[in-house]
Amino acid sequence: MSPYYYLVLSAALFTIGAVGVLVRRNAIVVFMCVELMLNAVNLTLVTFSRINGSLDGQIMAFFVMTVAAAEVVVGLAIITSIFRTRRSASVDDANLLKY
Amino acid sequence: MTHLLLAAGNTAVSTPSVSYHALAPIFIVLGAAMLGVLVEAAVPRAERFTVQLMVTIVGLVAALVVVGLLHGTRTTTPSPTGNDAFFAGSLSIDGVGLFLQGTVLALALVAALLVSERSVDVGSPIVASAAVVVGSADDRRLTTADRVQTEVFPLMLFAVSGMLIFPIANNLILMFVALEVLSLPLYLMAGLARRRRLLSQEASLKYFLLGAFASAFFLYGLALLYGYADTVDLPGIFTAQQTSGKSDVLLYTGLALLLVGLLFKASVAPFHNWTVDVYVGAPTPVTAFMASCTKVAAFGAILRVLFVGFSSAEWNWRPVIWAVAIASMVVGAVLGLTQTDIKRILAYSSIAHAGFILVGMVAITKQSTASVMFYVLTYGFTTLAAFGMLMLVRDPDGEATQLARWSGLARKSPVVATVMTVLLLSMAGIPLTSGFTGKFYVFRAAWDTAGPLVVIALLSSAVAAFFYLRIVVMMFFAEPPVDSPTIAIPGWAASVALTVGVVVTIVLGVFPQPVIDLASKASYFTG
């Protein structure tokens with residue numbers, strides 16, 4: 001099977017993630033959509049690694065996974081601290097900072 | 001596939017040779033940050049604040065001294081050995097890198113002093129305990145308690161270490177890691193305000209979600225460039241543009257997505273939406289830190305990506321830089337006019353300034369590199385001091401940032417009003433202040449290549465001057481409100497920080513030549 005299909009798949013996943021960030025209301029779901037985007041990038045990296053015949057892309061995928069894990073820690077901490085006060089994780093409720 | 005298998009079969013792994021002395025500033029700051037984490041665990045609460053402040057200041061000063069000792073270095077590290085060339089040359093310590101590292105460290109030092117100011121608010125501008133639920137009985141008790149979440153200092157040092165790597169990263173995946181290392185602590189720091197904690201937490205959430213969104217774009221751009229060039233080294237990408245047989249769509253889409261991520265960090269319109277809310281919600285000294293240091297690091301990275309990796313594609317990205325520079329200047333100047341809150345005005349001003357800095361990038365010359373380096377330095381000190389001044393004018397429930405509350409301030413405190421005037425005039429670009437010299441060199445560097453852009457820049461800086469001068473006029477000529485805000489007397493930390501900011505603003509306006517010479521001497525890249 002041609003590896004180019006995987007590029008199309010990863011582009012589709014990335015787009016779904018990006019649209020999800022823009023339309024979903026729950027901060028946790030928005031955050032999951034960002035993670036989907038990062039994993040779409042991993043698929044792209046691994047596919048290009050196969051197409052180019054070099055291992056670099058697979059090494060980079062590890063870096064992305066590690067950074068994504070660190071991001072989860074910080075992100076969930078922030079979302080939890082807001083949730084404890086407001087009893088809601090909706091990004092539409094966080095609207096105090098308007099002019 | 002054969003060479004993949006060959007690479008896997010070759011088990012001899014050679015140690016890369018890293019020139020540790022050239023990376024010493026990064027190691028010092030990271031070491032101080034780790035020490036800070038240990039202090040948090042081992043030192044009793046009463047002494048923690050002092051110890052953390054000492055660790056932070058000693059670490060930053062030591063790193064700054066080492067950056068000074070390294071001047072004139074041209075090296076890329078690690079050097080390639082054997083077949084493990086993936087990270088070879090991924091950090092390039094050159095003039096631009098060292099100058100920007102020095103700038104970040106100097107600004108971070110001043111910002112650390114602002115963070116540690118304990119006289120203007122009970123405890124400090126930083127929350128007593130970030131984990132306590134907002135509005136609970138504990139929270140009300142702790143607001144006026146002499147306790148501080150001292151983790152802010154190690155977080156700041158971690159962010160600084162990311163900012164030191166960001167402008168010297170010659171390899172995009174390393175640049176991405178540095179981007180996250182500088183961003184993740186900032187997301188948390190934005191949520192640490194002592195007053196108006198809900199706003200602060202909201203700022204933190206917005207910054208985090210949008211920041212993660214932007215770094216996903218950066219990463220996808222990186223992946224496409226890897227597909228195009230088979231490497232994520234900037235010099236490698238440069239060479240691949242001459243030799244690669246792959247489609248240019250990969251190259252230009254990759255560059256565009258990469259720039260989205262970078263321009264977001266530099267708060268350039270149309271990727272500026274987070275800026276104002278985050279700057280307003282974050283604790284003021286943290287805002288000062290973000291507005292100065294993050295900008296320096298982000299523009300350093302943009303310079304390196306465009307000038308080292310894509311200097312031959314100049315004709316393709318130049319119109320984009322034109323467009324975002326104009327958008328940024330116009331958005332900053334016009335929306336800044338409509339604001340009634342000084343913190344928001346300064347935030348829009350930072351968006352406009354990001355546009356001015358981009359004007360300096362339309363021409364790939366040594367002069368324009370130097371002018372951008374000089375501008376981020378001058379703007380950093382001015383904006384640090386300006387946000388620092390906001391800490392001093394206070395209502396009972398926190399800082400009085402409403403414009404109306406500042407009217408007639410000169411009668412109450414001529415010193416505060418005068419100092420703020422100097423800083424605002426510098427932001428407006430009035431001669432004899434550093435803002436003027438910075439703008440002058442950026443515009444001169446761009447004039448030959450982009451005359452019309454410079455004209456637009458001049459017009460929008462004239463529009464922006466209106467809202468700076470409006471604050472000045474209000475402070476000196478308007479009647480003070482009946483219940484006028486109190487002026488806090490800063491302790492030693494904020495006094496030193498504000499004095500440094502104002503002195504640099506004036507000295508670089510009157511006598512800028514030594515620093516300009518330094519910037520032009522340092523305006524070389526290696527790698």
# chains A, B, ... in the order shown; residues from 1 in each chain; ligands from 1

call {"tool": "residues_around", "arguments": {"residues": "Leu225 of chain B", "least_positions_apart": "3", "cutoff": "6 Å", "atoms": "only C-alpha atoms", "output": "list in words"}}
result
Leu222, Tyr228, Ala229, Leu251 and Gly254 of chain B

call {"tool": "residues_around", "arguments": {"residues": "Leu36 of chain A", "least_positions_apart": "2", "cutoff": "12 Å", "atoms": "only C-alpha atoms", "output": "PyMOL selection string"}}
result
(chain A and resi 10-21+29-34+38-43+65+68) or (chain B and resi 212-213+216+220)

call {"tool": "write_last_selection", "arguments": {"atoms": "N, CA and C atoms", "output": "tab-separated table (two decimals), in the first residue's frame"}}
result
chain	number	residue	atom	x	y	z
A	10	SER	N	-3.30	11.41	8.01
A	10	SER	CA	-2.83	12.27	9.09
A	10	SER	C	-3.29	13.70	8.87
A	11	ALA	N	-3.34	14.15	7.62
A	11	ALA	CA	-3.85	15.51	7.36
A	11	ALA	C	-5.31	15.59	7.79
A	12	ALA	N	-6.09	14.53	7.51
A	12	ALA	CA	-7.50	14.52	7.92
A	12	ALA	C	-7.62	14.56	9.44
A	13	LEU	N	-6.80	13.77	10.13
A	13	LEU	CA	-6.85	13.77	11.59
A	13	LEU	C	-6.49	15.15	12.15
A	14	PHE	N	-5.45	15.75	11.56
A	14	PHE	CA	-5.02	17.07	12.02
A	14	PHE	C	-6.16	18.08	11.85
A	15	THR	N	-6.85	17.99	10.69
A	15	THR	CA	-7.94	18.93	10.44
A	15	THR	C	-9.09	18.71	11.42
A	16	ILE	N	-9.42	17.42	11.66
A	16	ILE	CA	-10.50	17.13	12.62
A	16	ILE	C	-10.15	17.72	13.99
A	17	GLY	N	-8.89	17.54	14.39
A	17	GLY	CA	-8.44	18.10	15.66
A	17	GLY	C	-8.58	19.61	15.68
A	18	ALA	N	-8.13	20.27	14.60
A	18	ALA	CA	-8.17	21.74	14.56
A	18	ALA	C	-9.61	22.24	14.61
A	19	VAL	N	-10.49	21.59	13.85
A	19	VAL	CA	-11.90	22.00	13.87
A	19	VAL	C	-12.48	21.77	15.26
A	20	GLY	N	-12.10	20.64	15.86
A	20	GLY	CA	-12.59	20.33	17.21
A	20	GLY	C	-12.22	21.41	18.21
A	21	VAL	N	-10.95	21.90	18.13
A	21	VAL	CA	-10.52	22.95	19.05
A	21	VAL	C	-11.42	24.18	18.89
A	29	VAL	N	-12.33	18.44	26.21
A	29	VAL	CA	-12.46	17.97	24.84
A	29	VAL	C	-11.58	18.80	23.90
A	30	VAL	N	-11.55	20.12	24.15
A	30	VAL	CA	-10.67	20.98	23.34
A	30	VAL	C	-9.23	20.49	23.46
A	31	PHE	N	-8.86	20.16	24.69
A	31	PHE	CA	-7.50	19.71	24.93
A	31	PHE	C	-7.23	18.36	24.24
A	32	MET	N	-8.25	17.47	24.27
A	32	MET	CA	-8.09	16.19	23.57
A	32	MET	C	-7.92	16.41	22.07
A	33	CYS	N	-8.59	17.42	21.54
A	33	CYS	CA	-8.45	17.72	20.12
A	33	CYS	C	-7.02	18.18	19.81
A	34	VAL	N	-6.43	18.96	20.73
A	34	VAL	CA	-5.03	19.36	20.53
A	34	VAL	C	-4.14	18.12	20.51
A	38	LEU	N	-1.50	16.64	17.70
A	38	LEU	CA	-0.11	16.24	17.91
A	38	LEU	C	0.12	14.81	17.41
A	39	ASN	N	-0.87	13.94	17.64
A	39	ASN	CA	-0.68	12.56	17.19
A	39	ASN	C	-0.78	12.44	15.68
A	40	ALA	N	-1.57	13.31	15.05
A	40	ALA	CA	-1.59	13.35	13.59
A	40	ALA	C	-0.20	13.71	13.08
A	41	VAL	N	0.45	14.66	13.78
A	41	VAL	CA	1.81	15.03	13.39
A	41	VAL	C	2.75	13.83	13.52
A	42	ASN	N	2.59	13.05	14.60
A	42	ASN	CA	3.42	11.86	14.76
A	42	ASN	C	3.26	10.92	13.58
A	43	LEU	N	2.03	10.73	13.14
A	43	LEU	CA	1.79	9.84	12.00
A	43	LEU	C	2.48	10.39	10.76
A	65	MET	N	5.91	12.90	21.64
A	65	MET	CA	5.14	12.19	22.68
A	65	MET	C	5.52	12.67	24.07
A	68	ALA	N	4.15	16.09	24.67
A	68	ALA	CA	2.69	16.03	24.83
A	68	ALA	C	2.34	15.56	26.23
B	212	ALA	N	-1.15	25.68	23.14
B	212	ALA	CA	-1.01	24.29	22.70
B	212	ALA	C	-1.48	24.16	21.25
B	213	PHE	N	-2.56	24.88	20.92
B	213	PHE	CA	-3.08	24.88	19.55
B	213	PHE	C	-2.00	25.38	18.58
B	216	ALA	N	0.86	22.98	18.04
B	216	ALA	CA	0.50	21.88	17.12
B	216	ALA	C	0.73	22.32	15.68
B	220	TYR	N	3.24	20.59	12.94
B	220	TYR	CA	2.84	20.06	11.64
B	220	TYR	C	3.71	20.67	10.54

call {"tool": "residues_around", "arguments": {"residues": "Asn52 of chain A", "least_positions_apart": "6", "cutoff": "10 Å", "atoms": "only C-alpha atoms", "output": "tab-separated table (two decimals) with N, CA, C and O atoms, in the first residue's frame"}}
result
chain	number	residue	atom	x	y	z
A	46	VAL	N	6.26	9.73	11.05
A	46	VAL	CA	6.63	8.34	10.83
A	46	VAL	C	6.48	7.98	9.34
A	46	VAL	O	7.33	7.28	8.77
B	1	MET	N	15.18	1.04	1.46
B	1	MET	CA	15.12	0.45	2.80
B	1	MET	C	16.46	-0.11	3.24
B	1	MET	O	16.69	-0.27	4.44
B	226	TYR	N	10.21	18.28	7.24
B	226	TYR	CA	10.98	17.04	7.30
B	226	TYR	C	10.70	16.20	6.06
B	226	TYR	O	11.62	15.62	5.47
B	227	GLY	N	9.44	16.16	5.65
B	227	GLY	CA	9.11	15.42	4.44
B	227	GLY	C	9.79	16.01	3.22
B	227	GLY	O	10.25	15.29	2.34
B	228	TYR	N	9.91	17.33	3.20
B	228	TYR	CA	10.52	17.99	2.05
B	228	TYR	C	12.02	17.80	2.02
B	228	TYR	O	12.62	17.45	1.00
B	229	ALA	N	12.66	18.04	3.18
B	229	ALA	CA	14.12	18.14	3.19
B	229	ALA	C	14.83	16.91	3.74
B	229	ALA	O	16.04	16.82	3.67
B	230	ASP	N	14.08	15.99	4.34
B	230	ASP	CA	14.66	14.81	4.97
B	230	ASP	C	15.57	15.19	6.14
B	230	ASP	O	16.43	14.44	6.55
B	231	THR	N	15.40	16.39	6.66
B	231	THR	CA	16.14	16.82	7.84
B	231	THR	C	15.37	17.98	8.44
B	231	THR	O	14.58	18.61	7.75

call {"tool": "atom_distance", "arguments": {"atom1": "atom CA of Val330 of chain B", "atom2": "atom CA of Leu96 of chain A"}}
result
25.7 Å

call {"tool": "closest_residue", "arguments": {"among": "B:Val134, B:Leu155, B:Val148, B:Ala33", "to": "Ser81 of chain A", "atoms": "only C-alpha atoms"}}
result
B:Val134

call {"tool": "residues_around", "arguments": {"residues": "Phe83 of chain A", "least_positions_apart": "3", "cutoff": "12 Å", "atoms": "only C-alpha atoms", "output": "PyMOL selection string"}}
result
(chain A and resi 26-28+76-80+86-91+93-94) or (chain B and resi 131+133-134+198+201-202+205)

call {"tool": "write_last_selection", "arguments": {"atoms": "C-alpha atoms", "output": "compact mmCIF listing (two decimals), in the first residue's frame"}}
result
# COMPACT_ATOMS: atom_id res chain seq x y z
CA ASN A 26 -15.61 21.60 27.06
CA ALA A 27 -12.00 22.47 27.90
CA ILE A 28 -11.12 18.80 28.30
CA LEU A 76 -5.06 19.24 33.42
CA ALA A 77 -3.72 21.14 36.44
CA ILE A 78 -5.01 24.41 35.00
CA ILE A 79 -8.38 22.97 33.96
CA THR A 80 -8.85 21.30 37.36
CA ARG A 86 -16.64 27.24 38.79
CA ARG A 87 -17.94 23.68 38.75
CA SER A 88 -17.72 23.81 34.96
CA ALA A 89 -15.06 23.14 32.38
CA SER A 90 -16.81 25.01 29.59
CA VAL A 91 -14.58 27.44 27.74
CA ASP A 93 -18.10 30.22 30.82
CA ALA A 94 -14.59 31.58 31.15
CA ALA B 131 -4.27 25.22 45.03
CA VAL B 133 -10.23 27.21 45.82
CA VAL B 134 -11.05 30.80 44.85
CA LEU B 198 -10.59 33.99 38.74
CA GLN B 201 -6.94 31.41 36.18
CA GLU B 202 -9.00 32.24 33.13
CA LEU B 205 -6.57 28.52 30.65

call {"tool": "residues_around", "arguments": {"residues": "segment 150-153 of chain B", "least_positions_apart": "3", "cutoff": "7 Å", "atoms": "only C-alpha atoms", "output": "JSON, numbers by chain"}}
result
{"B": [40, 49, 52, 56, 156, 157, 189]}

call {"tool": "select_by_dssp", "arguments": {"residues": "segment 299-475 of chain B", "states": "strand (DSSP E)", "output": "list in words"}}
result
Val393, Arg394, Asp395, Gly398 and Glu399 of chain B

call {"tool": "atom_distance", "arguments": {"atom1": "atom CA of Ala522 of chain B", "atom2": "atom CA of Leu69 of chain B"}}
result
13.7 Å

call {"tool": "residues_around", "arguments": {"residues": "Phe264 of chain B", "least_positions_apart": "5", "cutoff": "12 Å", "atoms": "only C-alpha atoms", "output": "count of residues only"}}
result
31

call {"tool": "select_by_dssp", "arguments": {"residues": "segment 115-343 of chain B", "states": "alpha helix (DSSP H)", "output": "ChimeraX atom specification"}}
result
/B:115,137-143,152-165,172-190,197-229,234-243,248-265,273-281,284-289,295-304,314-337,342-343

call {"tool": "atom_distance", "arguments": {"atom1": "atom CA of Val65 of chain B", "atom2": "atom CA of Phe99 of chain B"}}
result
12.3 Å

call {"tool": "residues_around", "arguments": {"residues": "Arg74 of chain B", "least_positions_apart": "4", "cutoff": "10 Å", "atoms": "only C-alpha atoms", "output": "mmCIF file with N, CA, C and O atoms, in the first residue's frame"}}
result
data_model
loop_
_atom_site.group_PDB
_atom_site.id
_atom_site.type_symbol
_atom_site.label_atom_id
_atom_site.label_comp_id
_atom_site.auth_asym_id
_atom_site.auth_seq_id
_atom_site.Cartn_x
_atom_site.Cartn_y
_atom_site.Cartn_z
ATOM 1 N N ALA B 22 30.242 26.348 25.902
ATOM 2 C CA ALA B 22 29.393 27.269 25.153
ATOM 3 C C ALA B 22 27.945 27.183 25.606
ATOM 4 O O ALA B 22 27.165 28.104 25.408
ATOM 5 N N LEU B 70 31.575 34.604 26.860
ATOM 6 C CA LEU B 70 31.560 33.823 25.622
ATOM 7 C C LEU B 70 31.555 34.704 24.377
ATOM 8 O O LEU B 70 31.504 34.192 23.264
ATOM 9 N N SER B 92 23.459 26.507 17.714
ATOM 10 C CA SER B 92 24.563 27.303 17.200
ATOM 11 C C SER B 92 24.728 28.527 18.079
ATOM 12 O O SER B 92 23.845 29.368 18.192
ATOM 13 N N ILE B 93 25.884 28.582 18.737
ATOM 14 C CA ILE B 93 26.187 29.699 19.632
ATOM 15 C C ILE B 93 26.942 30.721 18.807
ATOM 16 O O ILE B 93 28.116 30.547 18.496
ATOM 17 N N ASP B 94 26.228 31.757 18.400
ATOM 18 C CA ASP B 94 26.831 32.784 17.553
ATOM 19 C C ASP B 94 26.474 34.156 18.109
ATOM 20 O O ASP B 94 25.852 34.261 19.166
ATOM 21 N N GLY B 95 26.862 35.188 17.404
ATOM 22 C CA GLY B 95 26.654 36.537 17.907
ATOM 23 C C GLY B 95 25.199 36.831 18.228
ATOM 24 O O GLY B 95 24.869 37.306 19.312
ATOM 25 N N GLY B 97 22.744 34.759 18.756
ATOM 26 C CA GLY B 97 22.287 33.938 19.860
ATOM 27 C C GLY B 97 22.748 34.478 21.199
ATOM 28 O O GLY B 97 21.953 34.623 22.128
ATOM 29 N N LEU B 98 24.042 34.823 21.283
ATOM 30 C CA LEU B 98 24.571 35.292 22.563
ATOM 31 C C LEU B 98 23.983 36.635 22.952
ATOM 32 O O LEU B 98 23.646 36.871 24.112
ATOM 33 N N TYR B 524 25.915 38.206 13.460
ATOM 34 C CA TYR B 524 26.298 37.140 12.538
ATOM 35 C C TYR B 524 25.703 35.819 13.017
ATOM 36 O O TYR B 524 25.503 35.605 14.207
ATOM 37 N N PHE B 525 25.383 34.970 12.050
ATOM 38 C CA PHE B 525 24.883 33.631 12.359
ATOM 39 C C PHE B 525 25.967 32.611 12.030
ATOM 40 O O PHE B 525 26.784 32.839 11.143
ATOM 41 N N THR B 526 25.984 31.508 12.744
ATOM 42 C CA THR B 526 26.788 30.384 12.262
ATOM 43 C C THR B 526 25.846 29.229 12.032
ATOM 44 O O THR B 526 24.773 29.176 12.616
ATOM 45 N N GLY B 527 26.251 28.272 11.207
ATOM 46 C CA GLY B 527 25.441 27.084 11.092
ATOM 47 C C GLY B 527 24.716 26.959 9.793
ATOM 48 O O GLY B 527 24.937 27.364 8.771
#

call {"tool": "closest_residue", "arguments": {"among": "B:Gly135, B:Gly191, B:Gly429, B:Gly501", "to": "Thr85 of chain A", "atoms": "only C-alpha atoms"}}
result
B:Gly135

call {"tool": "decode", "arguments": {"residues": "segment 105-130 of chain B", "atoms": "N, CA and C atoms", "output": "mmCIF file, in the first residue's frame"}}
result
data_model
loop_
_atom_site.group_PDB
_atom_site.id
_atom_site.type_symbol
_atom_site.label_atom_id
_atom_site.label_comp_id
_atom_site.auth_asym_id
_atom_site.auth_seq_id
_atom_site.Cartn_x
_atom_site.Cartn_y
_atom_site.Cartn_z
ATOM 1 N N LEU B 105 18.492 37.262 29.717
ATOM 2 C CA LEU B 105 18.931 37.125 31.112
ATOM 3 C C LEU B 105 18.832 38.443 31.855
ATOM 4 N N ALA B 106 19.237 39.543 31.209
ATOM 5 C CA ALA B 106 19.168 40.841 31.873
ATOM 6 C C ALA B 106 17.716 41.198 32.177
ATOM 7 N N LEU B 107 16.829 40.973 31.194
ATOM 8 C CA LEU B 107 15.419 41.305 31.414
ATOM 9 C C LEU B 107 14.813 40.407 32.485
ATOM 10 N N ALA B 108 15.187 39.123 32.474
ATOM 11 C CA ALA B 108 14.625 38.195 33.459
ATOM 12 C C ALA B 108 15.061 38.589 34.865
ATOM 13 N N LEU B 109 16.294 39.098 34.966
ATOM 14 C CA LEU B 109 16.790 39.535 36.268
ATOM 15 C C LEU B 109 15.920 40.669 36.810
ATOM 16 N N VAL B 110 15.634 41.641 35.956
ATOM 17 C CA VAL B 110 14.788 42.764 36.374
ATOM 18 C C VAL B 110 13.382 42.261 36.703
ATOM 19 N N ALA B 111 12.859 41.346 35.874
ATOM 20 C CA ALA B 111 11.511 40.826 36.113
ATOM 21 C C ALA B 111 11.463 40.043 37.419
ATOM 22 N N ALA B 112 12.545 39.304 37.726
ATOM 23 C CA ALA B 112 12.570 38.537 38.984
ATOM 24 C C ALA B 112 12.481 39.479 40.170
ATOM 25 N N LEU B 113 13.132 40.657 40.051
ATOM 26 C CA LEU B 113 13.044 41.637 41.136
ATOM 27 C C LEU B 113 11.609 42.132 41.292
ATOM 28 N N LEU B 114 10.929 42.354 40.165
ATOM 29 C CA LEU B 114 9.528 42.794 40.249
ATOM 30 C C LEU B 114 8.668 41.725 40.904
ATOM 31 N N VAL B 115 8.894 40.448 40.533
ATOM 32 C CA VAL B 115 8.108 39.359 41.108
ATOM 33 C C VAL B 115 8.315 39.312 42.618
ATOM 34 N N SER B 116 9.544 39.635 43.060
ATOM 35 C CA SER B 116 9.844 39.475 44.482
ATOM 36 C C SER B 116 9.477 40.700 45.304
ATOM 37 N N GLU B 117 8.793 41.674 44.702
ATOM 38 C CA GLU B 117 8.433 42.888 45.437
ATOM 39 C C GLU B 117 7.380 42.571 46.503
ATOM 40 N N ARG B 118 7.713 42.850 47.770
ATOM 41 C CA ARG B 118 6.781 42.470 48.836
ATOM 42 C C ARG B 118 6.187 43.656 49.566
ATOM 43 N N SER B 119 6.549 44.885 49.168
ATOM 44 C CA SER B 119 6.055 46.028 49.932
ATOM 45 C C SER B 119 4.727 46.559 49.419
ATOM 46 N N VAL B 120 4.468 46.441 48.102
ATOM 47 C CA VAL B 120 3.275 47.099 47.566
ATOM 48 C C VAL B 120 1.999 46.329 47.895
ATOM 49 N N ASP B 121 2.080 45.002 48.000
ATOM 50 C CA ASP B 121 0.902 44.229 48.378
ATOM 51 C C ASP B 121 1.295 43.318 49.528
ATOM 52 N N VAL B 122 0.309 42.947 50.353
ATOM 53 C CA VAL B 122 0.612 42.039 51.462
ATOM 54 C C VAL B 122 1.202 40.772 50.857
ATOM 55 N N GLY B 123 2.333 40.348 51.380
ATOM 56 C CA GLY B 123 2.929 39.135 50.849
ATOM 57 C C GLY B 123 3.707 39.417 49.589
ATOM 58 N N SER B 124 3.040 39.493 48.457
ATOM 59 C CA SER B 124 3.694 39.778 47.182
ATOM 60 C C SER B 124 2.604 39.807 46.118
ATOM 61 N N PRO B 125 2.913 40.151 44.869
ATOM 62 C CA PRO B 125 1.863 40.102 43.846
ATOM 63 C C PRO B 125 1.468 38.666 43.510
ATOM 64 N N ILE B 126 2.203 37.687 44.030
ATOM 65 C CA ILE B 126 1.959 36.285 43.702
ATOM 66 C C ILE B 126 1.072 35.672 44.780
ATOM 67 N N VAL B 127 0.184 34.770 44.350
ATOM 68 C CA VAL B 127 -0.804 34.170 45.240
ATOM 69 C C VAL B 127 -0.125 33.424 46.395
ATOM 70 N N ALA B 128 -0.852 33.325 47.541
ATOM 71 C CA ALA B 128 -0.285 32.620 48.689
ATOM 72 C C ALA B 128 -0.258 31.122 48.445
ATOM 73 N N SER B 129 -1.342 30.585 47.906
ATOM 74 C CA SER B 129 -1.375 29.159 47.623
ATOM 75 C C SER B 129 -2.304 28.934 46.439
ATOM 76 N N ALA B 130 -1.728 28.529 45.309
ATOM 77 C CA ALA B 130 -2.502 28.457 44.073
ATOM 78 C C ALA B 130 -3.548 27.354 44.126
#
